[in-house]
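Visitor: Can you keep this structure in mind? I'll have questions shortly.
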Amino acid sequence: MTIERHDTKARMSRAVIHDGVAYLCGQVAGPEARHGDITTQTESMLARLDALLEEIGSDRQHLLTATIYLKEGHDFAAMNAVWDAWVPAGHAPARTCVCAPMPADELRVEVTVTTLVKKGR
């Protein structure tokens, strides 16, 4: 059994791949967007997720699950508008969305996903 870890630090790895399934750490908005509204933060977070998916050999079409954490429930509709435009038609992952404290006060949204790694990687 091979376990492949990406960008491992003392506390966590950005991604862990096992048997063709990748488990990604939580993604948040980049520094340039952290003080923006929920739309800006969701767009930034998903752009960072796209980059990590590409880095590990996956993409939006291979998502299995997503857990979205919102700081405030009233951001649900605006976050969903960005999410719905980002997820390819017919490829929506199993998804959970909950309200939770964020790791930094300015953050409004975080996502964690599990995805398949494309064959031939």
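We name chains A, B, ... following the order of the structure tokens; residues begin at 1 in each chain, and ligands are numbered from 1 as shown.
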Set out as a tab-separated table a contact list for range 34-64 of chain A and range 70-92 of chain A with a cut-off of 12 Å, giving each residue of range 34-64 of chain A that qualifies its closest atom pair and distance in Å to one decimal, counting only C-alpha atoms, ordered by chain and rising residue number.

Guide:
residue	atom	partner	partner_atom	distance
A:Asp37	CA	A:Asp75	CA	9.1
A:Ile38	CA	A:Met79	CA	6.3
A:Thr39	CA	A:Met79	CA	6.0
A:Thr40	CA	A:Val82	CA	9.1
A:Gln41	CA	A:Met79	CA	8.8
A:Thr42	CA	A:Met79	CA	6.2
A:Glu43	CA	A:Val82	CA	6.6
A:Ser44	CA	A:Val82	CA	10.3
A:Met45	CA	A:Trp83	CA	10.3
A:Leu46	CA	A:Trp86	CA	7.8
A:Ala47	CA	A:Trp86	CA	9.5
A:Leu49	CA	A:Trp86	CA	10.9
A:Asp50	CA	A:Trp86	CA	9.9
A:Asp59	CA	A:Pro88	CA	10.2
A:Arg60	CA	A:Val87	CA	6.6
A:Gln61	CA	A:His91	CA	5.5
A:His62	CA	A:His91	CA	7.5
A:Leu63	CA	A:Ala92	CA	7.5
A:Leu64	CA	A:Ala92	CA	8.2

Visitor: DSSP on the backbone: which residues in chain A end up as strand (DSSP E)? Give the answer as a ChimeraX atom specification.

Guide: /A:3-6,15-18,21-24,63-70,94-99,109-116

Visitor: Can you check which parts of range 16-38 of chain A lie within 12 Å of range 97-105 of chain A? Per residue, the shortest pair of atoms and distance in Å to one decimal, counting only C-alpha atoms, sorted by chain and number, as CSV.

Guide:
residue,atom,partner,partner_atom,distance
A:Gly26,CA,A:Pro103,CA,10.3
A:Gln27,CA,A:Pro103,CA,11.1
A:Val28,CA,A:Pro103,CA,9.5
A:Ala29,CA,A:Ala104,CA,11.0
A:Pro31,CA,A:Ala104,CA,11.5
A:Arg34,CA,A:Ala104,CA,9.3
A:His35,CA,A:Asp105,CA,9.5

Visitor: Keeping C-alpha atoms, export the residues of the selection given above as a PDB file, in the first residue's frame.

Guide:
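And here's selection_28.pdb as it stands now:
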ATOM      1  CA  GLY A  26      -9.154  22.615   3.743  1.00  0.00           C
ATOM      2  CA  GLN A  27      -8.859  25.397   1.176  1.00  0.00           C
ATOM      3  CA  VAL A  28      -9.630  29.023   1.987  1.00  0.00           C
ATOM      4  CA  ALA A  29      -9.397  32.311   0.103  1.00  0.00           C
ATOM      5  CA  PRO A  31      -4.370  36.476   1.056  1.00  0.00           C
ATOM      6  CA  ARG A  34      -9.364  37.348   2.690  1.00  0.00           C
ATOM      7  CA  HIS A  35     -11.034  40.644   3.492  1.00  0.00           C
TER       8      HIS A  35
END

Visitor: Could you list, as an mmCIF file with N, CA and C atoms, in the first residue's frame, every residue within 8 Å of range 1-15 of chain A, counting only C-alpha atoms and ignoring same-chain residues fewer than 6 positions away?

Guide:
data_model
loop_
_atom_site.group_PDB
_atom_site.id
_atom_site.type_symbol
_atom_site.label_atom_id
_atom_site.label_comp_id
_atom_site.auth_asym_id
_atom_site.auth_seq_id
_atom_site.Cartn_x
_atom_site.Cartn_y
_atom_site.Cartn_z
ATOM 1 N N ALA A 22 -7.632 10.969 -3.565
ATOM 2 C CA ALA A 22 -6.899 12.054 -2.914
ATOM 3 C C ALA A 22 -7.794 12.740 -1.891
ATOM 4 N N TYR A 23 -7.219 12.960 -0.726
ATOM 5 C CA TYR A 23 -7.886 13.645 0.375
ATOM 6 C C TYR A 23 -7.175 14.987 0.531
ATOM 7 N N LEU A 24 -7.878 16.076 0.266
ATOM 8 C CA LEU A 24 -7.265 17.398 0.291
ATOM 9 C C LEU A 24 -7.563 18.119 1.591
ATOM 10 N N CYS A 25 -6.581 18.889 2.058
ATOM 11 C CA CYS A 25 -6.790 19.706 3.250
ATOM 12 C C CYS A 25 -7.752 20.845 2.913
ATOM 13 N N ILE A 56 -2.139 17.628 -8.219
ATOM 14 C CA ILE A 56 -2.166 16.209 -7.862
ATOM 15 C C ILE A 56 -2.698 15.316 -8.975
#

Visitor: If DSSP is run on the backbone, what residues of range 41-104 of chain A are alpha helix (DSSP H)? A reply as number ranges by chain would be ideal.

Guide: A: 41-56, 76-86

Visitor: Restricting it to N, CA and C atoms, dump the selection as a PDB file, in the first residue's frame.

Guide:
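Heads up, here's the output in again.pdb:
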ATOM      1  N   GLN A  41     -14.379  35.671  -1.663  1.00  0.00           N
ATOM      2  CA  GLN A  41     -13.656  34.605  -0.968  1.00  0.00           C
ATOM      3  C   GLN A  41     -13.937  33.235  -1.580  1.00  0.00           C
ATOM      4  N   THR A  42     -15.172  32.972  -1.987  1.00  0.00           N
ATOM      5  CA  THR A  42     -15.491  31.678  -2.597  1.00  0.00           C
ATOM      6  C   THR A  42     -14.782  31.531  -3.937  1.00  0.00           C
ATOM      7  N   GLU A  43     -14.761  32.571  -4.746  1.00  0.00           N
ATOM      8  CA  GLU A  43     -14.052  32.520  -6.028  1.00  0.00           C
ATOM      9  C   GLU A  43     -12.566  32.248  -5.820  1.00  0.00           C
ATOM     10  N   SER A  44     -11.951  32.919  -4.871  1.00  0.00           N
ATOM     11  CA  SER A  44     -10.528  32.725  -4.580  1.00  0.00           C
ATOM     12  C   SER A  44     -10.268  31.312  -4.064  1.00  0.00           C
ATOM     13  N   MET A  45     -11.104  30.856  -3.152  1.00  0.00           N
ATOM     14  CA  MET A  45     -10.957  29.511  -2.582  1.00  0.00           C
ATOM     15  C   MET A  45     -11.035  28.451  -3.681  1.00  0.00           C
ATOM     16  N   LEU A  46     -11.994  28.581  -4.588  1.00  0.00           N
ATOM     17  CA  LEU A  46     -12.157  27.588  -5.650  1.00  0.00           C
ATOM     18  C   LEU A  46     -11.021  27.660  -6.669  1.00  0.00           C
ATOM     19  N   ALA A  47     -10.465  28.844  -6.905  1.00  0.00           N
ATOM     20  CA  ALA A  47      -9.291  28.963  -7.784  1.00  0.00           C
ATOM     21  C   ALA A  47      -8.101  28.244  -7.160  1.00  0.00           C
ATOM     22  N   ARG A  48      -7.943  28.382  -5.857  1.00  0.00           N
ATOM     23  CA  ARG A  48      -6.863  27.669  -5.154  1.00  0.00           C
ATOM     24  C   ARG A  48      -7.104  26.163  -5.182  1.00  0.00           C
ATOM     25  N   LEU A  49      -8.365  25.761  -5.057  1.00  0.00           N
ATOM     26  CA  LEU A  49      -8.703  24.341  -5.149  1.00  0.00           C
ATOM     27  C   LEU A  49      -8.385  23.807  -6.542  1.00  0.00           C
ATOM     28  N   ASP A  50      -8.730  24.564  -7.577  1.00  0.00           N
ATOM     29  CA  ASP A  50      -8.386  24.159  -8.950  1.00  0.00           C
ATOM     30  C   ASP A  50      -6.882  23.923  -9.096  1.00  0.00           C
ATOM     31  N   ALA A  51      -6.082  24.817  -8.550  1.00  0.00           N
ATOM     32  CA  ALA A  51      -4.620  24.689  -8.648  1.00  0.00           C
ATOM     33  C   ALA A  51      -4.135  23.433  -7.925  1.00  0.00           C
ATOM     34  N   LEU A  52      -4.686  23.140  -6.755  1.00  0.00           N
ATOM     35  CA  LEU A  52      -4.279  21.945  -6.020  1.00  0.00           C
ATOM     36  C   LEU A  52      -4.740  20.683  -6.747  1.00  0.00           C
ATOM     37  N   LEU A  53      -5.941  20.696  -7.292  1.00  0.00           N
ATOM     38  CA  LEU A  53      -6.414  19.547  -8.068  1.00  0.00           C
ATOM     39  C   LEU A  53      -5.483  19.278  -9.250  1.00  0.00           C
ATOM     40  N   GLU A  54      -5.098  20.322  -9.960  1.00  0.00           N
ATOM     41  CA  GLU A  54      -4.177  20.153 -11.088  1.00  0.00           C
ATOM     42  C   GLU A  54      -2.835  19.594 -10.624  1.00  0.00           C
ATOM     43  N   GLU A  55      -2.335  20.105  -9.519  1.00  0.00           N
ATOM     44  CA  GLU A  55      -1.049  19.670  -8.981  1.00  0.00           C
ATOM     45  C   GLU A  55      -1.024  18.162  -8.688  1.00  0.00           C
ATOM     46  N   ILE A  56      -2.139  17.628  -8.219  1.00  0.00           N
ATOM     47  CA  ILE A  56      -2.166  16.209  -7.862  1.00  0.00           C
ATOM     48  C   ILE A  56      -2.698  15.316  -8.975  1.00  0.00           C
ATOM     49  N   PHE A  76     -25.003  31.537   2.635  1.00  0.00           N
ATOM     50  CA  PHE A  76     -25.270  30.301   1.906  1.00  0.00           C
ATOM     51  C   PHE A  76     -25.655  30.542   0.440  1.00  0.00           C
ATOM     52  N   ALA A  77     -26.597  31.408   0.170  1.00  0.00           N
ATOM     53  CA  ALA A  77     -27.067  31.627  -1.201  1.00  0.00           C
ATOM     54  C   ALA A  77     -25.969  32.210  -2.087  1.00  0.00           C
ATOM     55  N   ALA A  78     -25.230  33.193  -1.588  1.00  0.00           N
ATOM     56  CA  ALA A  78     -24.169  33.805  -2.397  1.00  0.00           C
ATOM     57  C   ALA A  78     -23.040  32.819  -2.652  1.00  0.00           C
ATOM     58  N   MET A  79     -22.677  32.014  -1.647  1.00  0.00           N
ATOM     59  CA  MET A  79     -21.651  30.992  -1.857  1.00  0.00           C
ATOM     60  C   MET A  79     -22.128  29.981  -2.884  1.00  0.00           C
ATOM     61  N   ASN A  80     -23.386  29.551  -2.774  1.00  0.00           N
ATOM     62  CA  ASN A  80     -23.937  28.577  -3.725  1.00  0.00           C
ATOM     63  C   ASN A  80     -23.939  29.096  -5.151  1.00  0.00           C
ATOM     64  N   ALA A  81     -24.155  30.377  -5.342  1.00  0.00           N
ATOM     65  CA  ALA A  81     -24.148  30.945  -6.698  1.00  0.00           C
ATOM     66  C   ALA A  81     -22.778  30.747  -7.345  1.00  0.00           C
ATOM     67  N   VAL A  82     -21.721  30.967  -6.591  1.00  0.00           N
ATOM     68  CA  VAL A  82     -20.359  30.766  -7.110  1.00  0.00           C
ATOM     69  C   VAL A  82     -20.087  29.272  -7.289  1.00  0.00           C
ATOM     70  N   TRP A  83     -20.429  28.477  -6.292  1.00  0.00           N
ATOM     71  CA  TRP A  83     -20.216  27.021  -6.341  1.00  0.00           C
ATOM     72  C   TRP A  83     -20.918  26.408  -7.549  1.00  0.00           C
ATOM     73  N   ASP A  84     -22.202  26.762  -7.739  1.00  0.00           N
ATOM     74  CA  ASP A  84     -22.986  26.178  -8.828  1.00  0.00           C
ATOM     75  C   ASP A  84     -22.390  26.494 -10.203  1.00  0.00           C
ATOM     76  N   ALA A  85     -21.820  27.687 -10.360  1.00  0.00           N
ATOM     77  CA  ALA A  85     -21.172  28.047 -11.622  1.00  0.00           C
ATOM     78  C   ALA A  85     -19.843  27.319 -11.795  1.00  0.00           C
ATOM     79  N   TRP A  86     -19.205  26.926 -10.700  1.00  0.00           N
ATOM     80  CA  TRP A  86     -17.884  26.269 -10.731  1.00  0.00           C
ATOM     81  C   TRP A  86     -17.983  24.775 -11.010  1.00  0.00           C
TER      82      TRP A  86
END
